Amino acid sequence: MKGLLLRLSGLDADAENAVRVIGFFDRLIAGRAGLDVLVRNTADLAGCPVGVHAPGQGLSLRASPGAGVATPAAAPAGAATRMLEGGVVVWVARAGAAVPLDDMLLERFAIAAAILLEHSGVPRPELGDPALVELALSEDAGTAERSRALHLLGFGPAARLRVLAGTGVDALAGRSARLGGVRAVLLPGEVASLPDGARAGIGPEGPAIEVARSWAAARTALRFTSAAEPVVWWERLGGLAALAGKLAPAELAELADVQALDRLAAEPHGADTLAALDALCATGSARKAAAALHRHHSTMPARLARAEAVLGFEVDSPAGRFRLHLALVLRRLRDNADPG
């Protein structure tokens with residue numbers, strides 16, 4: 001909270017300072033602050049870790065002074081606690097002796113938590129899976145809202161999840177929602193086989209409470225997909241992932257190698273030529289590329305010769321294949337705008 005210029009440990013237990021503490025929590029309640037804000041600002045005021053633990057509602061938040069809200073947050077040993085209805089516990093964990101206003105802080109913290117839990121914008125059970133998935137993946141959702149949504153979807157905050165961002169994957173099993181033109185699927189286990197014609201970017205696995213990061217990574221990975229490579233795992237992109245956020249489509253379209261690929265694509269049999277180039281990069285040799293495309297190896301030299309004439313460099317060499325692969329990747333990024 002802006003204007004917080006005091007710490008509880010610096011106040012005496014007199015009437016004036018008690019009123020200041022009460023006013024601090026009253027302003028949070030009147031402003032309908034989120035639970036994240038309440039926990040974070042209470043930690044700053046107290047000068048020690050604090051938390052709210054509501055396992056029955058899928059909420060478990062803690063914060064330390066000057067730090068963000070984290071989860072899970074069961075009360076640590078030795079913490080001062082207050083029990084609310086429904087098994088909710090608020091706690092303050094001060095190292096060393098209590099300070100004069102600790103009892104009042106805990107009481108007002110508990111009152112504020114009870115009121116904000118009742119009026120918070122966390123989802124209710126009647127919301128369907130798509131709305132809950134959308135909330136869990138939203139970058140704007142607070143830790144409390146995301147925890148509650150995950151709880152209603154059947155996931156604890158520490159459960160291991162990854163997100164798939166895809167097109168043509170509506171039949172894929174899993175908790176999912178359509179966000180824009182992309183379907184997001186929460187995956188607690190192995191990735192199933194995709195339907196024919198589908199494309200998917202797959203984000204990294206991590207704690208469910210951080211699922212929004214996996215969703216952002218999955219959208220990035222989806223931009224690297226093509227007909228030749230319909231599934232891309234974010235972890236396998238390495239440094240290529242950084243390209244997605246550095247160059248706009250208009251900038252990519254101005255690159256000479258990308259423009260050369262566009263000219264090849266516009267020629268008769270251009271799609272076959274690009275498929276041959278994709279296969280060459282994937283297999284590392286013209287003979288293996290022909291086998292991957294189910295063509296006789298004698299058909300490849302003409303395709304590659306035409307590609308080299310338009311591109312202006314040799315493609316069937318280590319350096320040439322690297323440059324070709326980069327050009328193909330940049331062209332995919334140009335054509336696949338951020339689907340989120």
# chains A, B, ... in the order shown; residues from 1 in each chain; ligands from 1
call {"tool": "select_by_dssp", "arguments": {"residues": "region 52-270 of chain A", "states": "strand (DSSP E)", "output": "JSON, numbers by chain"}}
result
{"A": [52, 53, 54, 59, 60, 61, 62, 63, 80, 81, 82, 83, 89, 90, 91, 92, 160, 161, 162, 163, 164, 165, 166, 167, 175, 176, 177, 178, 179, 182, 183, 184, 185, 186, 187, 199, 200, 201, 202, 206, 207, 231, 232, 233]}
call {"tool": "closest_residue", "arguments": {"among": "A:Gly284, A:Pro195, A:Pro72, A:Pro65", "to": "Gly166 (chain A)", "atoms": "only C-alpha atoms"}}
result
A:Pro195
call {"tool": "residues_around", "arguments": {"residues": "Ala279 (chain A)", "least_positions_apart": "3", "cutoff": "9 Å", "atoms": "only C-alpha atoms", "output": "list in words"}}
result
Ala228, Leu274, Ala275, Ala276, Ala282, Thr283, Gly284, Ser285, Ala286, Lys288, Ala289, Ala290, Ala292 and Leu293 of chain A
call {"tool": "residues_around", "arguments": {"residues": "Val211 (chain A)", "least_positions_apart": "5", "cutoff": "12 Å", "atoms": "only C-alpha atoms", "output": "number ranges by chain"}}
result
A: 133-139, 141, 143, 146-147, 149-150, 155-164, 184-188, 203-206, 216-218
call {"tool": "write_last_selection", "arguments": {"atoms": "C-alpha atoms", "output": "compact mmCIF listing (two decimals), in the first residue's frame"}}
result
# COMPACT_ATOMS: atom_id res chain seq x y z
CA VAL A 133 -8.68 -22.68 -16.91
CA GLU A 134 -8.77 -19.16 -18.33
CA LEU A 135 -8.41 -17.68 -14.85
CA ALA A 136 -5.60 -20.06 -13.91
CA LEU A 137 -3.64 -19.04 -17.03
CA SER A 138 -4.30 -15.30 -16.79
CA GLU A 139 -1.22 -13.17 -16.16
CA ALA A 141 -4.80 -13.19 -11.82
CA THR A 143 -2.04 -15.91 -6.43
CA ARG A 146 -5.13 -18.78 -9.40
CA SER A 147 -4.92 -21.10 -6.38
CA ALA A 149 -9.20 -21.91 -9.77
CA LEU A 150 -6.64 -24.71 -9.68
CA PHE A 155 -4.99 -29.44 -8.82
CA GLY A 156 -3.05 -28.42 -5.73
CA PRO A 157 -0.65 -25.47 -6.05
CA ALA A 158 2.38 -27.78 -5.99
CA ALA A 159 1.01 -30.29 -8.53
CA ARG A 160 3.19 -30.68 -11.62
CA LEU A 161 1.57 -29.30 -14.76
CA ARG A 162 2.49 -28.20 -18.25
CA VAL A 163 0.32 -26.41 -20.80
CA LEU A 164 -0.27 -27.28 -24.43
CA ALA A 184 -5.07 -24.27 -23.95
CA VAL A 185 -4.90 -27.73 -22.36
CA LEU A 186 -3.60 -28.39 -18.83
CA LEU A 187 -1.53 -31.56 -18.87
CA PRO A 188 -0.76 -33.30 -15.57
CA GLY A 203 5.28 -25.41 -22.38
CA PRO A 204 7.65 -26.53 -19.61
CA GLU A 205 6.47 -28.56 -16.63
CA GLY A 206 6.38 -26.79 -13.28
CA ALA A 216 3.23 -18.16 -22.24
CA ALA A 217 6.03 -20.54 -23.23
CA ALA A 218 3.57 -22.87 -25.01
call {"tool": "closest_residue", "arguments": {"among": "A:Arg183, A:His151, A:Arg32, A:Arg332", "to": "Ala227 (chain A)", "atoms": "only C-alpha atoms"}}
result
A:Arg332
call {"tool": "residues_around", "arguments": {"residues": "Glu314 (chain A)", "least_positions_apart": "3", "cutoff": "12 Å", "atoms": "only C-alpha atoms", "output": "NGL selection string"}}
result
:A and (277 or 301 or 304-311 or 317-324)
call {"tool": "closest_residue", "arguments": {"among": "A:Leu326, A:Arg303, A:Glu251, A:Ala242", "to": "Pro268 (chain A)", "atoms": "only C-alpha atoms"}}
result
A:Arg303
call {"tool": "residues_around", "arguments": {"residues": "Gly51 (chain A)", "least_positions_apart": "2", "cutoff": "12 Å", "atoms": "only C-alpha atoms", "output": "ChimeraX atom specification"}}
result
/A:35-43,46,48-49,53-54,59-65,68-76,79-82,88-94,106,109-110,113,144
call {"tool": "write_last_selection", "arguments": {"atoms": "C-alpha atoms", "output": "JSON list (two decimals), in the first residue's frame"}}
result
[["chain", "number", "residue", "atom", "x", "y", "z"],
["A", 35, "LEU", "CA", -5.99, -11.31, -0.68],
["A", 36, "ASP", "CA", -2.57, -11.03, -2.33],
["A", 37, "VAL", "CA", -2.48, -7.33, -1.47],
["A", 38, "LEU", "CA", -3.65, -7.95, 2.09],
["A", 39, "VAL", "CA", -0.98, -10.57, 2.78],
["A", 40, "ARG", "CA", 1.84, -8.63, 1.13],
["A", 41, "ASN", "CA", 1.04, -5.34, 2.90],
["A", 42, "THR", "CA", 0.52, -7.01, 6.26],
["A", 43, "ALA", "CA", 4.00, -8.53, 5.98],
["A", 46, "ALA", "CA", 4.58, -6.36, 10.61],
["A", 48, "CYS", "CA", 7.98, -10.44, 9.44],
["A", 49, "PRO", "CA", 6.41, -13.33, 7.48],
["A", 53, "HIS", "CA", -4.06, -20.82, 5.03],
["A", 54, "ALA", "CA", -7.47, -21.99, 3.78],
["A", 59, "LEU", "CA", -5.98, -20.94, -0.82],
["A", 60, "SER", "CA", -2.60, -20.84, 0.88],
["A", 61, "LEU", "CA", -0.71, -17.56, 0.77],
["A", 62, "ARG", "CA", 2.33, -16.19, 2.55],
["A", 63, "ALA", "CA", 4.62, -13.19, 2.20],
["A", 64, "SER", "CA", 7.76, -11.79, 3.75],
["A", 65, "PRO", "CA", 8.57, -8.06, 4.02],
["A", 68, "GLY", "CA", 5.93, -11.09, -3.38],
["A", 69, "VAL", "CA", 3.20, -13.47, -2.33],
["A", 70, "ALA", "CA", 4.10, -17.16, -2.42],
["A", 71, "THR", "CA", 2.41, -20.48, -1.81],
["A", 72, "PRO", "CA", 1.88, -22.92, -0.08],
["A", 73, "ALA", "CA", 1.67, -21.34, 3.33],
["A", 74, "ALA", "CA", 0.74, -23.51, 6.29],
["A", 75, "ALA", "CA", 1.52, -21.75, 9.57],
["A", 76, "PRO", "CA", 5.15, -22.45, 10.60],
["A", 79, "ALA", "CA", 3.74, -18.67, 14.65],
["A", 80, "ALA", "CA", 0.95, -16.71, 16.34],
["A", 81, "THR", "CA", -2.36, -17.81, 14.78],
["A", 82, "ARG", "CA", -6.07, -16.99, 14.64],
["A", 88, "VAL", "CA", -9.08, -20.85, 7.73],
["A", 89, "VAL", "CA", -5.98, -19.83, 9.68],
["A", 90, "VAL", "CA", -4.13, -16.51, 9.57],
["A", 91, "TRP", "CA", -0.67, -16.38, 11.10],
["A", 92, "VAL", "CA", 2.21, -14.07, 11.94],
["A", 93, "ALA", "CA", 5.67, -15.60, 12.37],
["A", 94, "ARG", "CA", 7.92, -13.17, 14.17],
["A", 106, "LEU", "CA", -3.21, -10.46, 14.19],
["A", 109, "PHE", "CA", -5.46, -9.25, 9.93],
["A", 110, "ALA", "CA", -7.93, -12.04, 10.73],
["A", 113, "ALA", "CA", -9.01, -11.85, 5.75],
["A", 144, "ALA", "CA", -5.28, -16.31, -4.50]]
call {"tool": "atom_distance", "arguments": {"atom1": "CA of Arg199 (chain A)", "atom2": "CA of Val232 (chain A)"}}
result
8.5 Å
call {"tool": "atom_distance", "arguments": {"atom1": "CA of Glu190 (chain A)", "atom2": "CA of Thr167 (chain A)"}}
result
18.4 Å
call {"tool": "decode", "arguments": {"residues": "region 175-272 of chain A", "atoms": "C-alpha atoms", "output": "PDB file, in the first residue's frame"}}
result
ATOM      1  CA  ARG A 175      -8.827 -29.498 -18.670  1.00  0.00           C
ATOM      2  CA  SER A 176      -8.990 -26.945 -21.456  1.00  0.00           C
ATOM      3  CA  ALA A 177     -10.301 -23.613 -22.709  1.00  0.00           C
ATOM      4  CA  ARG A 178     -10.301 -21.808 -26.037  1.00  0.00           C
ATOM      5  CA  LEU A 179      -8.404 -18.537 -25.648  1.00  0.00           C
ATOM      6  CA  GLY A 180      -8.558 -16.502 -28.818  1.00  0.00           C
ATOM      7  CA  GLY A 181      -7.830 -18.815 -31.720  1.00  0.00           C
ATOM      8  CA  VAL A 182      -5.868 -21.273 -29.584  1.00  0.00           C
ATOM      9  CA  ARG A 183      -6.927 -24.054 -27.255  1.00  0.00           C
ATOM     10  CA  ALA A 184      -5.067 -24.271 -23.948  1.00  0.00           C
ATOM     11  CA  VAL A 185      -4.895 -27.727 -22.362  1.00  0.00           C
ATOM     12  CA  LEU A 186      -3.602 -28.386 -18.834  1.00  0.00           C
ATOM     13  CA  LEU A 187      -1.528 -31.562 -18.874  1.00  0.00           C
ATOM     14  CA  PRO A 188      -0.763 -33.305 -15.574  1.00  0.00           C
ATOM     15  CA  GLY A 189       0.821 -36.273 -17.341  1.00  0.00           C
ATOM     16  CA  GLU A 190       2.112 -37.435 -20.703  1.00  0.00           C
ATOM     17  CA  VAL A 191       1.236 -35.588 -23.890  1.00  0.00           C
ATOM     18  CA  ALA A 192      -1.182 -37.631 -25.981  1.00  0.00           C
ATOM     19  CA  SER A 193      -0.871 -38.094 -29.731  1.00  0.00           C
ATOM     20  CA  LEU A 194      -2.269 -35.156 -31.657  1.00  0.00           C
ATOM     21  CA  PRO A 195      -5.027 -35.485 -34.253  1.00  0.00           C
ATOM     22  CA  ASP A 196      -3.978 -35.269 -37.894  1.00  0.00           C
ATOM     23  CA  GLY A 197      -3.490 -31.684 -39.017  1.00  0.00           C
ATOM     24  CA  ALA A 198      -3.133 -30.364 -35.474  1.00  0.00           C
ATOM     25  CA  ARG A 199      -0.294 -28.169 -34.297  1.00  0.00           C
ATOM     26  CA  ALA A 200       0.867 -27.659 -30.733  1.00  0.00           C
ATOM     27  CA  GLY A 201       3.413 -25.793 -28.677  1.00  0.00           C
ATOM     28  CA  ILE A 202       4.142 -27.456 -25.358  1.00  0.00           C
ATOM     29  CA  GLY A 203       5.280 -25.410 -22.377  1.00  0.00           C
ATOM     30  CA  PRO A 204       7.650 -26.531 -19.611  1.00  0.00           C
ATOM     31  CA  GLU A 205       6.474 -28.556 -16.634  1.00  0.00           C
ATOM     32  CA  GLY A 206       6.379 -26.788 -13.282  1.00  0.00           C
ATOM     33  CA  PRO A 207       4.293 -26.181 -10.143  1.00  0.00           C
ATOM     34  CA  ALA A 208       0.637 -25.604 -10.940  1.00  0.00           C
ATOM     35  CA  ILE A 209       0.716 -22.179  -9.282  1.00  0.00           C
ATOM     36  CA  GLU A 210       3.181 -21.085 -12.022  1.00  0.00           C
ATOM     37  CA  VAL A 211       1.061 -22.458 -14.855  1.00  0.00           C
ATOM     38  CA  ALA A 212       0.744 -19.010 -16.500  1.00  0.00           C
ATOM     39  CA  ARG A 213       4.475 -19.193 -17.330  1.00  0.00           C
ATOM     40  CA  SER A 214       4.018 -22.540 -19.053  1.00  0.00           C
ATOM     41  CA  TRP A 215       1.106 -21.081 -21.028  1.00  0.00           C
ATOM     42  CA  ALA A 216       3.229 -18.155 -22.244  1.00  0.00           C
ATOM     43  CA  ALA A 217       6.025 -20.541 -23.228  1.00  0.00           C
ATOM     44  CA  ALA A 218       3.574 -22.868 -25.007  1.00  0.00           C
ATOM     45  CA  ARG A 219       2.260 -19.967 -27.102  1.00  0.00           C
ATOM     46  CA  THR A 220       5.838 -19.110 -28.052  1.00  0.00           C
ATOM     47  CA  ALA A 221       6.547 -22.717 -29.020  1.00  0.00           C
ATOM     48  CA  LEU A 222       3.391 -22.803 -31.148  1.00  0.00           C
ATOM     49  CA  ARG A 223       4.823 -20.010 -33.293  1.00  0.00           C
ATOM     50  CA  PHE A 224       7.697 -22.300 -34.296  1.00  0.00           C
ATOM     51  CA  THR A 225       5.431 -25.058 -35.621  1.00  0.00           C
ATOM     52  CA  SER A 226       4.896 -25.875 -39.287  1.00  0.00           C
ATOM     53  CA  ALA A 227       3.370 -28.640 -41.392  1.00  0.00           C
ATOM     54  CA  ALA A 228       6.769 -30.336 -41.305  1.00  0.00           C
ATOM     55  CA  GLU A 229       7.114 -29.900 -37.530  1.00  0.00           C
ATOM     56  CA  PRO A 230       3.622 -29.764 -36.025  1.00  0.00           C
ATOM     57  CA  VAL A 231       4.724 -30.215 -32.395  1.00  0.00           C
ATOM     58  CA  VAL A 232       7.375 -28.034 -30.746  1.00  0.00           C
ATOM     59  CA  TRP A 233       8.507 -28.325 -27.126  1.00  0.00           C
ATOM     60  CA  TRP A 234       9.585 -25.047 -25.550  1.00  0.00           C
ATOM     61  CA  GLU A 235      12.466 -26.696 -23.676  1.00  0.00           C
ATOM     62  CA  ARG A 236      13.974 -27.856 -26.953  1.00  0.00           C
ATOM     63  CA  LEU A 237      14.008 -24.403 -28.549  1.00  0.00           C
ATOM     64  CA  GLY A 238      16.942 -23.198 -26.481  1.00  0.00           C
ATOM     65  CA  GLY A 239      18.132 -19.778 -27.629  1.00  0.00           C
ATOM     66  CA  LEU A 240      15.700 -19.795 -30.548  1.00  0.00           C
ATOM     67  CA  ALA A 241      12.876 -18.985 -28.118  1.00  0.00           C
ATOM     68  CA  ALA A 242      14.345 -15.508 -27.603  1.00  0.00           C
ATOM     69  CA  LEU A 243      13.816 -14.693 -31.290  1.00  0.00           C
ATOM     70  CA  ALA A 244      10.048 -14.742 -30.882  1.00  0.00           C
ATOM     71  CA  GLY A 245      10.050 -11.645 -28.719  1.00  0.00           C
ATOM     72  CA  LYS A 246      12.824  -9.726 -30.482  1.00  0.00           C
ATOM     73  CA  LEU A 247      11.630  -9.344 -34.077  1.00  0.00           C
ATOM     74  CA  ALA A 248       8.219  -8.170 -35.248  1.00  0.00           C
ATOM     75  CA  PRO A 249       6.592  -9.843 -38.290  1.00  0.00           C
ATOM     76  CA  ALA A 250       7.299  -6.754 -40.420  1.00  0.00           C
ATOM     77  CA  GLU A 251      10.994  -6.913 -39.516  1.00  0.00           C
ATOM     78  CA  LEU A 252      11.145 -10.626 -40.290  1.00  0.00           C
ATOM     79  CA  ALA A 253       9.535 -10.026 -43.671  1.00  0.00           C
ATOM     80  CA  GLU A 254      12.387  -7.685 -44.635  1.00  0.00           C
ATOM     81  CA  LEU A 255      15.117 -10.311 -44.155  1.00  0.00           C
ATOM     82  CA  ALA A 256      16.698 -11.341 -47.447  1.00  0.00           C
ATOM     83  CA  ASP A 257      16.689 -15.082 -46.697  1.00  0.00           C
ATOM     84  CA  VAL A 258      13.013 -14.995 -45.699  1.00  0.00           C
ATOM     85  CA  GLN A 259      12.157 -13.144 -48.894  1.00  0.00           C
ATOM     86  CA  ALA A 260      14.097 -15.727 -50.906  1.00  0.00           C
ATOM     87  CA  LEU A 261      12.052 -18.511 -49.324  1.00  0.00           C
ATOM     88  CA  ASP A 262       8.889 -16.612 -50.251  1.00  0.00           C
ATOM     89  CA  ARG A 263      10.033 -16.500 -53.884  1.00  0.00           C
ATOM     90  CA  LEU A 264      10.684 -20.227 -53.828  1.00  0.00           C
ATOM     91  CA  ALA A 265       7.256 -20.865 -52.318  1.00  0.00           C
ATOM     92  CA  ALA A 266       5.603 -18.857 -55.103  1.00  0.00           C
ATOM     93  CA  GLU A 267       7.146 -20.981 -57.876  1.00  0.00           C
ATOM     94  CA  PRO A 268       5.461 -24.048 -59.394  1.00  0.00           C
ATOM     95  CA  HIS A 269       6.039 -26.954 -57.024  1.00  0.00           C
ATOM     96  CA  GLY A 270       7.179 -24.409 -54.425  1.00  0.00           C
ATOM     97  CA  ALA A 271       5.502 -26.267 -51.573  1.00  0.00           C
ATOM     98  CA  ASP A 272       7.420 -29.428 -52.515  1.00  0.00           C
TER      99      ASP A 272
END
